[in-house]
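Report on the structure given below.
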Amino acid sequence: VPDDDDSPAQPPPKKFAGDVVKVVEHYNTRPDVGVKQRLDSPIIGLKHFNNWVKSVLITRFAHPALSSHSSSSRKGPPSGKVLDMGCGKGGDVSKWVKARIKELLAVDIAGVSVDQARSRWETIRGPRFDATFATLDCYSEPLSKAFPPAKLAQPFDVVSMQFCMHYAFETVQKARCMLDNASRWLRSGGVFLGTIPNAEQLLERLDGLPPDAEDLSFGNSVYKIRFEDRVRKPVFGHRYHFFLQDAVGDIPEYIVRWDSFVQLAAEYGLHPIYKEEFHQVFAEHQDHEEFGPLMVRMKVVDANGESAMDEDQWEAANIYIAFAFEKR
Ligand code: SAM
């Protein structure tokens, strides 16, 4: 740092060890392709669908004070403070714009992604919410390390963790640190929402492999999941490797058993109010007055109701579940 630099001293970059190194490197080196190139993705239908599921979840739970099932009834000035943990490249920034929130705090372990997320927010056209982006390993470090006390003084109304919470289930310490960060600054009545792989389904597929199989993998042309071990770990550290075409390149992830997650979350005052497989989210909302037309606008289906996903993408979509917990 040059002598004349009067910016506050930055802590030295954190040194990562173990699986987290692969996760950080993977996400930091994935290019943030433009909208046009994104549309050329071979799994664009699946990506649109995942975005639609997140939009449904965010719209339904972005304003916990309202019991409304849709955002259309929400008028008035923007409101609500949101924490996005594992925000990635800011793929949900536009969803928070539509949800008309007032403030967003967003963190991710991958610094390059955080910069891209901030740029995405900076280029929002029209009025935008206040936002602060920071790099943080939020499964090993407290949120207070990323933000000054003033930023955390007013509690969050919503904490969102999309497609990222399962990395914390490597150890009990990480899972507890993640839940502490999710809950500590969340107001009573606030909502913790997210999307994670469906452990029950993955373990069922593992059990269905021939007893003498050496290669413990399954999948299709779009995704592949490879377990290292048939023996189930009691709760934490049951590792598998996940590959998703044009999205996730063979990186280590961990099984999140729903019952264990619910039990642990209860210790942090978080109690489940919603849990559905992605296929079920589709079935529940496809004819909804707001989310049905949204599916056409988000190119999940065309104007004739034809899906943009082939069979393999549709199967891959149901690897995930959506959840919401309420803080009590
Ligand atoms: N939530 C974003 C979305 O839905 O587009 C990104 C999802 S991406 C599949 C998973 C994200 O989790 C990556 O950006 C990764 O860097 C982040 N992540 C993994 N471990 C993390 C940790 N310990 N702390 C913060 N972020 C983490």
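As shown in the structure tokens, the chain order sets the letters A, B, ...; within each chain, residues go from 1, and ligands are also counted from 1 in the order they appear.
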
So that I can check the surroundings of range 163-167 of chain A, please list as a PyMOL selection string every protein, DNA and RNA residue that reaches within 10 Å of it, counting only C-alpha atoms and ignoring chain neighbours fewer than 4 positions away.
chain A and resi 19-20+23+50+54+85-88+108+139+171+174-175+178-179+194-197+199+237+239+252-257+320-322

Create the file for the chosen residues now, containing C-alpha atoms and written as a PDB file, in the first residue's frame.
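Result file is result-v2.pdb:
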```
ATOM      1  CA  ASP A  19     -12.236 -28.131   0.036  1.00  0.00           C
ATOM      2  CA  VAL A  20     -13.019 -24.451   0.373  1.00  0.00           C
ATOM      3  CA  VAL A  23     -14.903 -23.783  -4.142  1.00  0.00           C
ATOM      4  CA  ASN A  50     -34.016 -22.032 -11.346  1.00  0.00           C
ATOM      5  CA  LYS A  54     -35.954 -18.154  -6.770  1.00  0.00           C
ATOM      6  CA  MET A  85     -25.206 -14.870   1.964  1.00  0.00           C
ATOM      7  CA  GLY A  86     -23.331 -16.558  -0.910  1.00  0.00           C
ATOM      8  CA  CYS A  87     -24.589 -13.889  -3.314  1.00  0.00           C
ATOM      9  CA  GLY A  88     -22.297 -15.063  -6.121  1.00  0.00           C
ATOM     10  CA  ASP A 108     -19.609 -14.195  -0.760  1.00  0.00           C
ATOM     11  CA  TYR A 139     -19.151 -20.316   7.318  1.00  0.00           C
ATOM     12  CA  THR A 171     -18.388 -29.685   9.632  1.00  0.00           C
ATOM     13  CA  LYS A 174     -19.184 -24.377   9.776  1.00  0.00           C
ATOM     14  CA  ALA A 175     -22.895 -25.193   9.882  1.00  0.00           C
ATOM     15  CA  MET A 178     -23.501 -20.181   9.028  1.00  0.00           C
ATOM     16  CA  LEU A 179     -26.682 -20.438  11.141  1.00  0.00           C
ATOM     17  CA  GLY A 194     -32.925 -20.678   0.428  1.00  0.00           C
ATOM     18  CA  THR A 195     -32.374 -23.485  -2.007  1.00  0.00           C
ATOM     19  CA  ILE A 196     -30.323 -26.649  -1.322  1.00  0.00           C
ATOM     20  CA  PRO A 197     -29.853 -30.078  -2.876  1.00  0.00           C
ATOM     21  CA  ALA A 199     -30.475 -35.053   0.359  1.00  0.00           C
ATOM     22  CA  GLY A 237     -19.104 -34.198   6.088  1.00  0.00           C
ATOM     23  CA  ARG A 239     -19.135 -35.431   0.637  1.00  0.00           C
ATOM     24  CA  PRO A 252     -17.110 -30.939  -3.489  1.00  0.00           C
ATOM     25  CA  GLU A 253     -20.475 -30.478  -1.801  1.00  0.00           C
ATOM     26  CA  TYR A 254     -22.065 -31.938   1.323  1.00  0.00           C
ATOM     27  CA  ILE A 255     -25.316 -33.720   2.086  1.00  0.00           C
ATOM     28  CA  VAL A 256     -27.782 -31.626   4.123  1.00  0.00           C
ATOM     29  CA  ARG A 257     -30.211 -33.965   5.885  1.00  0.00           C
ATOM     30  CA  TYR A 320     -33.090 -29.119  -5.372  1.00  0.00           C
ATOM     31  CA  ILE A 321     -35.556 -28.067  -2.718  1.00  0.00           C
ATOM     32  CA  ALA A 322     -36.697 -24.577  -1.728  1.00  0.00           C
TER      33      ALA A 322
END
```

Show me, as a ChimeraX atom specification, the residues that have an atom within 12 Å of Ile101 in chain A when counting only C-alpha atoms, minus same-chain residues fewer than 5 positions from it.
/A:58-59,61-64,71,74-83,93-96,127-131,156-158

Determine the nearest neighbour of Ile225 in chain A from the options A:His238, A:Arg205, A:Arg297, A:Lys22, counting only C-alpha atoms.
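Smallest distance to Ile225 in chain A is found for A:Arg205.
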
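In this comparison, which uses only C-alpha atoms, the residue of A:Gln286, A:Thr135, A:Ser55, A:Ser160 approaching Val97 in chain A most closely is A:Ser55.
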
Could you write out, as a ChimeraX atom specification, all the residues of range 60-207 of chain A that DSSP marks as strand (DSSP E or B)?
/A:81-85,103-108,130-135,156-162,186-197

Export, as a compact mmCIF listing (two decimals), in the first residue's frame, the selected residues with N, CA, C and O atoms.
```txt
# COMPACT_ATOMS: atom_id res chain seq x y z
N LYS A 81 -35.01 -4.90 4.78
CA LYS A 81 -33.56 -5.02 4.71
C LYS A 81 -33.22 -6.50 4.54
O LYS A 81 -33.73 -7.35 5.29
N VAL A 82 -32.37 -6.80 3.57
CA VAL A 82 -32.10 -8.19 3.20
C VAL A 82 -30.60 -8.49 3.28
O VAL A 82 -29.78 -7.66 2.89
N LEU A 83 -30.28 -9.69 3.76
CA LEU A 83 -28.90 -10.19 3.72
C LEU A 83 -28.86 -11.34 2.72
O LEU A 83 -29.61 -12.31 2.86
N ASP A 84 -27.99 -11.23 1.71
CA ASP A 84 -27.80 -12.33 0.75
C ASP A 84 -26.45 -12.97 1.06
O ASP A 84 -25.40 -12.38 0.80
N MET A 85 -26.46 -14.17 1.64
CA MET A 85 -25.21 -14.87 1.96
C MET A 85 -24.89 -15.83 0.82
O MET A 85 -25.74 -16.65 0.45
N GLU A 103 -32.93 -2.06 1.36
CA GLU A 103 -31.48 -2.20 1.56
C GLU A 103 -31.04 -3.65 1.44
O GLU A 103 -31.73 -4.57 1.92
N LEU A 104 -29.87 -3.84 0.81
CA LEU A 104 -29.29 -5.18 0.67
C LEU A 104 -27.86 -5.18 1.19
O LEU A 104 -27.07 -4.28 0.87
N LEU A 105 -27.53 -6.18 2.01
CA LEU A 105 -26.14 -6.46 2.35
C LEU A 105 -25.83 -7.82 1.75
O LEU A 105 -26.64 -8.76 1.92
N ALA A 106 -24.74 -7.93 1.01
CA ALA A 106 -24.46 -9.18 0.31
C ALA A 106 -23.02 -9.60 0.52
O ALA A 106 -22.11 -8.77 0.45
N VAL A 107 -22.82 -10.89 0.78
CA VAL A 107 -21.46 -11.41 1.00
C VAL A 107 -21.26 -12.70 0.22
O VAL A 107 -22.20 -13.46 -0.02
N ASP A 108 -20.00 -12.93 -0.13
CA ASP A 108 -19.61 -14.19 -0.76
C ASP A 108 -18.13 -14.40 -0.49
O ASP A 108 -17.38 -13.44 -0.31
N ASP A 130 -30.37 0.64 -1.49
CA ASP A 130 -29.00 0.79 -0.99
C ASP A 130 -28.38 -0.60 -0.93
O ASP A 130 -29.08 -1.56 -0.59
N ALA A 131 -27.10 -0.69 -1.22
CA ALA A 131 -26.47 -2.01 -1.14
C ALA A 131 -25.01 -1.90 -0.73
O ALA A 131 -24.33 -0.94 -1.07
N THR A 132 -24.56 -2.90 0.02
CA THR A 132 -23.16 -3.00 0.41
C THR A 132 -22.72 -4.43 0.16
O THR A 132 -23.41 -5.37 0.58
N PHE A 133 -21.61 -4.58 -0.55
CA PHE A 133 -21.11 -5.91 -0.90
C PHE A 133 -19.77 -6.14 -0.21
O PHE A 133 -18.96 -5.22 -0.12
N ALA A 134 -19.55 -7.36 0.29
CA ALA A 134 -18.28 -7.64 0.97
C ALA A 134 -17.88 -9.09 0.74
O ALA A 134 -18.72 -9.97 0.56
N THR A 135 -16.56 -9.30 0.78
CA THR A 135 -16.03 -10.67 0.67
C THR A 135 -15.91 -11.26 2.06
O THR A 135 -15.33 -10.64 2.95
N PHE A 156 -32.09 -7.47 10.00
CA PHE A 156 -32.59 -7.85 8.68
C PHE A 156 -34.04 -8.34 8.80
O PHE A 156 -34.44 -8.90 9.82
N ASP A 157 -34.79 -8.14 7.72
CA ASP A 157 -36.13 -8.72 7.62
C ASP A 157 -36.06 -10.10 6.94
O ASP A 157 -36.90 -10.96 7.19
N VAL A 158 -35.05 -10.25 6.09
CA VAL A 158 -34.92 -11.49 5.31
C VAL A 158 -33.45 -11.84 5.17
O VAL A 158 -32.62 -10.96 4.93
N VAL A 159 -33.14 -13.14 5.30
CA VAL A 159 -31.80 -13.64 4.96
C VAL A 159 -31.99 -14.69 3.86
O VAL A 159 -32.82 -15.59 4.00
N SER A 160 -31.24 -14.55 2.77
CA SER A 160 -31.40 -15.44 1.63
C SER A 160 -30.10 -16.20 1.36
O SER A 160 -29.02 -15.60 1.36
N MET A 161 -30.20 -17.51 1.16
CA MET A 161 -29.02 -18.31 0.80
C MET A 161 -29.39 -19.21 -0.37
O MET A 161 -30.04 -20.25 -0.18
N GLN A 162 -29.02 -18.81 -1.57
CA GLN A 162 -29.46 -19.54 -2.76
C GLN A 162 -28.33 -20.41 -3.32
O GLN A 162 -27.28 -19.92 -3.70
N LEU A 186 -31.16 -11.24 12.35
CA LEU A 186 -32.49 -11.34 11.72
C LEU A 186 -33.54 -11.02 12.77
O LEU A 186 -33.49 -11.54 13.88
N ARG A 187 -34.51 -10.17 12.41
CA ARG A 187 -35.50 -9.78 13.41
C ARG A 187 -36.46 -10.93 13.69
O ARG A 187 -36.64 -11.83 12.86
N SER A 188 -37.09 -10.87 14.84
CA SER A 188 -38.11 -11.86 15.18
C SER A 188 -39.27 -11.70 14.17
O SER A 188 -39.68 -10.57 13.87
N GLY A 189 -39.74 -12.79 13.62
CA GLY A 189 -40.76 -12.72 12.56
C GLY A 189 -40.14 -12.63 11.17
O GLY A 189 -40.83 -12.74 10.16
N GLY A 190 -38.82 -12.42 11.12
CA GLY A 190 -38.11 -12.36 9.83
C GLY A 190 -37.99 -13.75 9.23
O GLY A 190 -38.22 -14.76 9.91
N VAL A 191 -37.59 -13.81 7.95
CA VAL A 191 -37.57 -15.09 7.24
C VAL A 191 -36.17 -15.40 6.70
O VAL A 191 -35.48 -14.52 6.18
N PHE A 192 -35.79 -16.66 6.84
CA PHE A 192 -34.54 -17.20 6.31
C PHE A 192 -34.94 -18.13 5.17
O PHE A 192 -35.64 -19.12 5.40
N LEU A 193 -34.56 -17.81 3.94
CA LEU A 193 -35.00 -18.64 2.82
C LEU A 193 -33.83 -19.09 1.97
O LEU A 193 -32.76 -18.49 1.99
N GLY A 194 -34.03 -20.18 1.24
CA GLY A 194 -32.92 -20.68 0.43
C GLY A 194 -33.28 -21.86 -0.45
O GLY A 194 -34.44 -22.31 -0.49
N THR A 195 -32.24 -22.32 -1.14
CA THR A 195 -32.37 -23.49 -2.01
C THR A 195 -31.16 -24.38 -1.76
O THR A 195 -30.02 -23.88 -1.74
N ILE A 196 -31.42 -25.69 -1.58
CA ILE A 196 -30.32 -26.65 -1.32
C ILE A 196 -30.62 -27.96 -2.06
O ILE A 196 -31.78 -28.24 -2.37
N PRO A 197 -29.59 -28.76 -2.29
CA PRO A 197 -29.85 -30.08 -2.88
C PRO A 197 -30.72 -30.94 -1.94
O PRO A 197 -30.67 -30.79 -0.72
```

Exercise: Asp115 in chain A partners within 8 Å, only C-alpha atoms, chain neighbours under 3 positions left out, as a list of chain:residue names
A:Lys89, A:Gly111, A:Val112, A:Arg118, A:Ser119, A:Phe133

Please extract the residues of range 62-284 of chain A with a backbone DSSP assignment of helix (DSSP H, G or I) and present them as a PyMOL selection string.
chain A and resi 93-98+111-122+143-145+149-152+165-170+172-184+199-207+258-266+278-284

Those residues you just picked out, can you put them in a file as a short mmCIF file (atom, residue, chain, number, x, y, z; two decimals), in the first residue's frame with C-alpha atoms?
```cif
data_model
loop_
_atom_site.label_atom_id
_atom_site.label_comp_id
_atom_site.auth_asym_id
_atom_site.auth_seq_id
_atom_site.Cartn_x
_atom_site.Cartn_y
_atom_site.Cartn_z
CA VAL A 93 -30.02 -8.37 -7.61
CA SER A 94 -32.80 -7.80 -10.16
CA LYS A 95 -35.17 -9.99 -8.13
CA TRP A 96 -34.61 -7.78 -5.08
CA VAL A 97 -35.29 -4.73 -7.28
CA LYS A 98 -38.64 -6.24 -8.28
CA GLY A 111 -13.99 -11.85 -4.12
CA VAL A 112 -14.17 -11.74 -7.93
CA SER A 113 -17.86 -12.68 -7.79
CA VAL A 114 -18.51 -10.00 -5.16
CA ASP A 115 -17.01 -7.35 -7.48
CA GLN A 116 -19.23 -8.60 -10.31
CA ALA A 117 -22.30 -8.51 -8.05
CA ARG A 118 -21.50 -4.91 -7.06
CA SER A 119 -21.12 -3.95 -10.75
CA ARG A 120 -24.46 -5.54 -11.48
CA TRP A 121 -26.09 -3.44 -8.77
CA GLU A 122 -24.30 -0.28 -10.02
CA LEU A 143 -20.79 -11.15 9.62
CA SER A 144 -19.50 -8.38 11.91
CA LYS A 145 -16.09 -8.89 10.30
CA PRO A 149 -21.67 -2.09 13.62
CA ALA A 150 -23.74 0.75 12.10
CA LYS A 151 -24.58 -1.43 9.07
CA LEU A 152 -25.86 -4.19 11.36
CA MET A 165 -25.85 -23.39 2.11
CA HIS A 166 -24.80 -27.02 1.54
CA TYR A 167 -21.12 -26.05 1.43
CA ALA A 168 -21.41 -25.29 5.16
CA PHE A 169 -22.35 -28.86 6.04
CA GLU A 170 -18.72 -29.99 5.85
CA VAL A 172 -20.63 -28.88 12.58
CA GLN A 173 -18.52 -25.76 13.27
CA LYS A 174 -19.18 -24.38 9.78
CA ALA A 175 -22.90 -25.19 9.88
CA ARG A 176 -23.19 -23.48 13.28
CA CYS A 177 -21.25 -20.42 12.11
CA MET A 178 -23.50 -20.18 9.03
CA LEU A 179 -26.68 -20.44 11.14
CA ASP A 180 -25.36 -17.94 13.66
CA ASN A 181 -24.73 -15.45 10.83
CA ALA A 182 -28.17 -16.13 9.36
CA SER A 183 -30.00 -15.70 12.64
CA ARG A 184 -28.10 -13.26 14.86
CA ALA A 199 -30.47 -35.05 0.36
CA GLU A 200 -33.22 -37.66 0.56
CA GLN A 201 -33.26 -37.96 -3.22
CA LEU A 202 -29.47 -38.06 -3.59
CA LEU A 203 -29.12 -40.74 -0.90
CA GLU A 204 -31.93 -42.79 -2.45
CA ARG A 205 -30.11 -42.71 -5.79
CA LEU A 206 -26.88 -43.72 -4.04
CA ASP A 207 -28.64 -46.65 -2.35
CA TRP A 258 -33.43 -32.04 6.31
CA ASP A 259 -34.20 -33.33 9.83
CA SER A 260 -30.71 -32.52 11.10
CA PHE A 261 -30.89 -29.06 9.51
CA VAL A 262 -34.27 -28.37 11.14
CA GLN A 263 -33.00 -29.57 14.54
CA LEU A 264 -29.86 -27.44 14.39
CA ALA A 265 -31.70 -24.38 13.03
CA ALA A 266 -34.13 -24.55 15.98
CA PHE A 278 -38.54 -27.79 -7.30
CA HIS A 279 -41.00 -29.90 -9.32
CA GLN A 280 -43.55 -29.26 -6.60
CA VAL A 281 -42.84 -25.51 -6.61
CA PHE A 282 -43.64 -25.65 -10.33
CA ALA A 283 -46.85 -27.65 -9.81
CA GLU A 284 -47.99 -25.32 -7.01
#
```

Residues within 10 Å of range 312-318 of chain A, only C-alpha atoms, excluding chain neighbours under 2 positions, as a compact mmCIF listing (two decimals) with all heavy atoms, in the first residue's frame:
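So the final result, stored in selection-v2.txt, reads:
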```txt
# COMPACT_ATOMS: atom_id res chain seq x y z
N PRO A 42 -26.20 -24.25 -23.11
CA PRO A 42 -26.96 -25.46 -23.46
C PRO A 42 -28.01 -25.82 -22.41
O PRO A 42 -28.90 -26.62 -22.69
CB PRO A 42 -25.88 -26.56 -23.55
CG PRO A 42 -24.68 -26.01 -22.84
CD PRO A 42 -24.77 -24.51 -22.92
N ILE A 43 -27.90 -25.24 -21.23
CA ILE A 43 -28.92 -25.53 -20.20
C ILE A 43 -29.69 -24.25 -19.84
O ILE A 43 -30.11 -24.06 -18.69
CB ILE A 43 -28.30 -26.17 -18.92
CG1 ILE A 43 -27.20 -25.26 -18.33
CG2 ILE A 43 -27.77 -27.55 -19.20
CD1 ILE A 43 -26.98 -25.51 -16.84
N ILE A 44 -29.90 -23.41 -20.85
CA ILE A 44 -30.56 -22.13 -20.57
C ILE A 44 -31.97 -22.33 -19.99
O ILE A 44 -32.40 -21.57 -19.12
CB ILE A 44 -30.57 -21.22 -21.83
CG1 ILE A 44 -31.05 -19.81 -21.47
CG2 ILE A 44 -31.39 -21.80 -22.96
CD1 ILE A 44 -30.16 -19.09 -20.50
N GLY A 45 -32.67 -23.38 -20.44
CA GLY A 45 -34.02 -23.65 -19.91
C GLY A 45 -33.97 -23.90 -18.41
O GLY A 45 -34.78 -23.35 -17.64
N LEU A 46 -33.00 -24.71 -17.98
CA LEU A 46 -32.84 -25.03 -16.56
C LEU A 46 -32.46 -23.77 -15.76
O LEU A 46 -32.97 -23.53 -14.66
CB LEU A 46 -31.78 -26.12 -16.39
CG LEU A 46 -31.40 -26.52 -14.97
CD1 LEU A 46 -32.60 -27.04 -14.20
CD2 LEU A 46 -30.30 -27.59 -14.99
N LYS A 47 -31.58 -22.96 -16.34
CA LYS A 47 -31.17 -21.73 -15.65
C LYS A 47 -32.37 -20.79 -15.48
O LYS A 47 -32.56 -20.21 -14.41
CB LYS A 47 -30.04 -21.02 -16.42
CG LYS A 47 -28.72 -21.77 -16.32
CD LYS A 47 -27.58 -21.02 -16.97
CE LYS A 47 -26.26 -21.77 -16.77
NZ LYS A 47 -25.12 -21.10 -17.38
N PHE A 49 -35.45 -21.72 -15.33
CA PHE A 49 -36.36 -22.34 -14.36
C PHE A 49 -35.87 -22.07 -12.93
O PHE A 49 -36.65 -21.69 -12.04
CB PHE A 49 -36.47 -23.85 -14.62
CG PHE A 49 -37.35 -24.56 -13.62
CD1 PHE A 49 -38.73 -24.35 -13.60
CD2 PHE A 49 -36.81 -25.45 -12.70
CE1 PHE A 49 -39.54 -25.00 -12.67
CE2 PHE A 49 -37.62 -26.10 -11.77
CZ PHE A 49 -38.99 -25.87 -11.76
N ASN A 50 -34.57 -22.28 -12.68
CA ASN A 50 -34.02 -22.03 -11.35
C ASN A 50 -34.24 -20.58 -10.93
O ASN A 50 -34.56 -20.29 -9.77
CB ASN A 50 -32.52 -22.35 -11.31
CG ASN A 50 -32.24 -23.85 -11.32
OD1 ASN A 50 -33.14 -24.65 -11.05
ND2 ASN A 50 -31.03 -24.23 -11.64
N PRO A 197 -29.59 -28.76 -2.29
CA PRO A 197 -29.85 -30.08 -2.88
C PRO A 197 -30.72 -30.94 -1.94
O PRO A 197 -30.67 -30.79 -0.72
CB PRO A 197 -28.46 -30.67 -3.04
CG PRO A 197 -27.55 -29.51 -3.10
CD PRO A 197 -28.15 -28.49 -2.17
N ASN A 198 -31.49 -31.80 -2.58
CA ASN A 198 -32.44 -32.65 -1.87
C ASN A 198 -31.73 -33.94 -1.41
O ASN A 198 -31.57 -34.88 -2.19
CB ASN A 198 -33.57 -32.98 -2.86
CG ASN A 198 -34.67 -33.78 -2.24
OD1 ASN A 198 -34.55 -34.25 -1.11
ND2 ASN A 198 -35.74 -33.95 -2.99
N GLN A 201 -33.29 -37.44 -1.85
CA GLN A 201 -33.26 -37.96 -3.22
C GLN A 201 -31.86 -38.44 -3.61
O GLN A 201 -31.70 -39.51 -4.20
CB GLN A 201 -33.72 -36.86 -4.17
CG GLN A 201 -34.23 -37.40 -5.47
CD GLN A 201 -34.25 -36.31 -6.52
OE1 GLN A 201 -33.36 -36.25 -7.36
NE2 GLN A 201 -35.24 -35.45 -6.44
N GLY A 219 -26.46 -39.71 -12.85
CA GLY A 219 -26.75 -38.43 -13.48
C GLY A 219 -27.29 -38.63 -14.88
O GLY A 219 -27.80 -39.70 -15.22
N ASN A 220 -27.14 -37.60 -15.71
CA ASN A 220 -27.56 -37.70 -17.11
C ASN A 220 -26.68 -36.75 -17.94
O ASN A 220 -25.60 -36.37 -17.47
CB ASN A 220 -29.07 -37.43 -17.25
CG ASN A 220 -29.46 -36.03 -16.79
OD1 ASN A 220 -28.66 -35.09 -16.86
ND2 ASN A 220 -30.68 -35.88 -16.31
N SER A 221 -27.14 -36.34 -19.10
CA SER A 221 -26.28 -35.53 -19.96
C SER A 221 -26.03 -34.14 -19.38
O SER A 221 -25.13 -33.42 -19.82
CB SER A 221 -26.91 -35.40 -21.35
OG SER A 221 -28.12 -34.66 -21.24
N VAL A 222 -26.81 -33.75 -18.39
CA VAL A 222 -26.75 -32.39 -17.85
C VAL A 222 -25.96 -32.33 -16.53
O VAL A 222 -25.22 -31.39 -16.28
CB VAL A 222 -28.19 -31.86 -17.63
CG1 VAL A 222 -28.20 -30.60 -16.80
CG2 VAL A 222 -28.87 -31.63 -18.97
N TYR A 223 -26.14 -33.34 -15.69
CA TYR A 223 -25.47 -33.30 -14.39
C TYR A 223 -24.88 -34.66 -14.02
O TYR A 223 -25.30 -35.69 -14.57
CB TYR A 223 -26.45 -32.87 -13.29
CG TYR A 223 -27.37 -33.97 -12.81
CD1 TYR A 223 -27.11 -34.69 -11.64
CD2 TYR A 223 -28.50 -34.32 -13.54
CE1 TYR A 223 -27.95 -35.70 -11.20
CE2 TYR A 223 -29.35 -35.34 -13.11
CZ TYR A 223 -29.07 -36.03 -11.95
OH TYR A 223 -29.89 -37.04 -11.54
N LYS A 224 -23.91 -34.62 -13.13
CA LYS A 224 -23.35 -35.86 -12.61
C LYS A 224 -23.05 -35.66 -11.13
O LYS A 224 -22.51 -34.62 -10.73
CB LYS A 224 -22.07 -36.22 -13.35
CG LYS A 224 -21.49 -37.55 -12.93
CD LYS A 224 -20.29 -37.93 -13.80
CE LYS A 224 -19.57 -39.10 -13.17
NZ LYS A 224 -18.37 -39.48 -13.86
N LEU A 244 -22.42 -29.79 -13.04
CA LEU A 244 -23.60 -29.36 -13.79
C LEU A 244 -23.11 -28.67 -15.05
O LEU A 244 -22.31 -27.73 -14.96
CB LEU A 244 -24.45 -28.41 -12.95
CG LEU A 244 -25.71 -27.85 -13.62
CD1 LEU A 244 -26.73 -28.96 -13.88
CD2 LEU A 244 -26.36 -26.78 -12.73
N GLN A 245 -23.56 -29.17 -16.20
CA GLN A 245 -23.08 -28.63 -17.47
C GLN A 245 -23.18 -27.10 -17.49
O GLN A 245 -24.22 -26.54 -17.13
CB GLN A 245 -23.94 -29.22 -18.60
CG GLN A 245 -23.38 -28.95 -19.96
CD GLN A 245 -24.32 -29.44 -21.06
OE1 GLN A 245 -25.50 -29.63 -20.85
NE2 GLN A 245 -23.77 -29.64 -22.24
N GLU A 276 -40.30 -27.44 -0.28
CA GLU A 276 -40.83 -28.15 -1.45
C GLU A 276 -39.72 -28.49 -2.43
O GLU A 276 -38.78 -27.72 -2.61
CB GLU A 276 -41.87 -27.30 -2.20
CG GLU A 276 -43.18 -27.08 -1.50
CD GLU A 276 -44.01 -28.33 -1.22
OE1 GLU A 276 -43.61 -29.44 -1.65
OE2 GLU A 276 -45.03 -28.20 -0.53
N GLU A 277 -39.87 -29.65 -3.08
CA GLU A 277 -38.98 -29.97 -4.20
C GLU A 277 -39.30 -29.00 -5.34
O GLU A 277 -40.45 -28.53 -5.46
CB GLU A 277 -39.23 -31.40 -4.69
CG GLU A 277 -38.83 -32.43 -3.67
CD GLU A 277 -39.00 -33.86 -4.20
OE1 GLU A 277 -39.65 -34.04 -5.26
OE2 GLU A 277 -38.48 -34.76 -3.56
N PHE A 278 -38.33 -28.75 -6.21
CA PHE A 278 -38.54 -27.79 -7.30
C PHE A 278 -39.71 -28.19 -8.21
O PHE A 278 -40.45 -27.33 -8.68
CB PHE A 278 -37.25 -27.61 -8.12
CG PHE A 278 -36.31 -26.57 -7.56
CD1 PHE A 278 -36.34 -26.21 -6.22
CD2 PHE A 278 -35.37 -25.94 -8.38
CE1 PHE A 278 -35.47 -25.26 -5.70
CE2 PHE A 278 -34.49 -24.99 -7.88
CZ PHE A 278 -34.54 -24.64 -6.55
N HIS A 279 -39.86 -29.49 -8.48
CA HIS A 279 -41.00 -29.90 -9.32
C HIS A 279 -42.32 -29.51 -8.66
O HIS A 279 -43.27 -29.13 -9.33
CB HIS A 279 -40.98 -31.43 -9.55
CG HIS A 279 -39.98 -31.86 -10.58
ND1 HIS A 279 -39.82 -33.17 -10.97
CD2 HIS A 279 -39.07 -31.15 -11.31
CE1 HIS A 279 -38.87 -33.24 -11.91
NE2 HIS A 279 -38.40 -32.04 -12.12
N GLN A 280 -42.34 -29.60 -7.34
CA GLN A 280 -43.55 -29.26 -6.60
C GLN A 280 -43.78 -27.74 -6.61
O GLN A 280 -44.93 -27.30 -6.71
CB GLN A 280 -43.43 -29.80 -5.15
CG GLN A 280 -44.68 -29.72 -4.32
CD GLN A 280 -45.88 -30.44 -4.96
OE1 GLN A 280 -45.71 -31.40 -5.68
NE2 GLN A 280 -47.08 -29.92 -4.71
N VAL A 281 -42.71 -26.97 -6.52
CA VAL A 281 -42.84 -25.51 -6.61
C VAL A 281 -43.50 -25.16 -7.95
O VAL A 281 -44.41 -24.33 -8.03
CB VAL A 281 -41.45 -24.80 -6.50
CG1 VAL A 281 -41.60 -23.29 -6.67
CG2 VAL A 281 -40.80 -25.12 -5.16
N SER A 307 -42.22 -26.15 -22.65
CA SER A 307 -41.08 -25.96 -21.75
C SER A 307 -39.79 -25.75 -22.53
O SER A 307 -39.58 -26.35 -23.59
CB SER A 307 -40.92 -27.19 -20.86
OG SER A 307 -39.73 -27.09 -20.13
N ALA A 308 -38.92 -24.90 -21.98
CA ALA A 308 -37.61 -24.67 -22.60
C ALA A 308 -36.61 -25.74 -22.15
O ALA A 308 -35.47 -25.75 -22.60
CB ALA A 308 -37.09 -23.29 -22.22
N MET A 309 -37.06 -26.66 -21.26
CA MET A 309 -36.15 -27.70 -20.75
C MET A 309 -36.41 -29.02 -21.45
O MET A 309 -37.58 -29.38 -21.67
CB MET A 309 -36.38 -27.91 -19.25
CG MET A 309 -35.79 -26.86 -18.38
SD MET A 309 -36.16 -27.18 -16.63
CE MET A 309 -37.82 -26.56 -16.52
N ASP A 310 -35.33 -29.77 -21.72
CA ASP A 310 -35.55 -31.15 -22.18
C ASP A 310 -35.67 -32.04 -20.93
O ASP A 310 -35.56 -31.56 -19.80
CB ASP A 310 -34.42 -31.59 -23.13
CG ASP A 310 -33.05 -31.59 -22.45
OD1 ASP A 310 -32.99 -31.59 -21.19
OD2 ASP A 310 -32.03 -31.58 -23.16
N TYR A 320 -33.05 -30.16 -6.41
CA TYR A 320 -33.09 -29.12 -5.37
C TYR A 320 -34.44 -28.99 -4.67
O TYR A 320 -35.48 -29.35 -5.22
CB TYR A 320 -32.74 -27.76 -6.00
CG TYR A 320 -31.30 -27.70 -6.41
CD1 TYR A 320 -30.92 -27.98 -7.73
CD2 TYR A 320 -30.31 -27.40 -5.49
CE1 TYR A 320 -29.58 -27.95 -8.10
CE2 TYR A 320 -28.98 -27.37 -5.86
CZ TYR A 320 -28.62 -27.64 -7.16
OH TYR A 320 -27.31 -27.62 -7.52
N ILE A 321 -34.35 -28.46 -3.45
CA ILE A 321 -35.56 -28.07 -2.72
C ILE A 321 -35.45 -26.58 -2.34
O ILE A 321 -34.35 -26.05 -2.20
CB ILE A 321 -35.79 -28.90 -1.43
CG1 ILE A 321 -34.57 -28.85 -0.50
CG2 ILE A 321 -36.16 -30.33 -1.74
CD1 ILE A 321 -34.82 -29.50 0.85
```
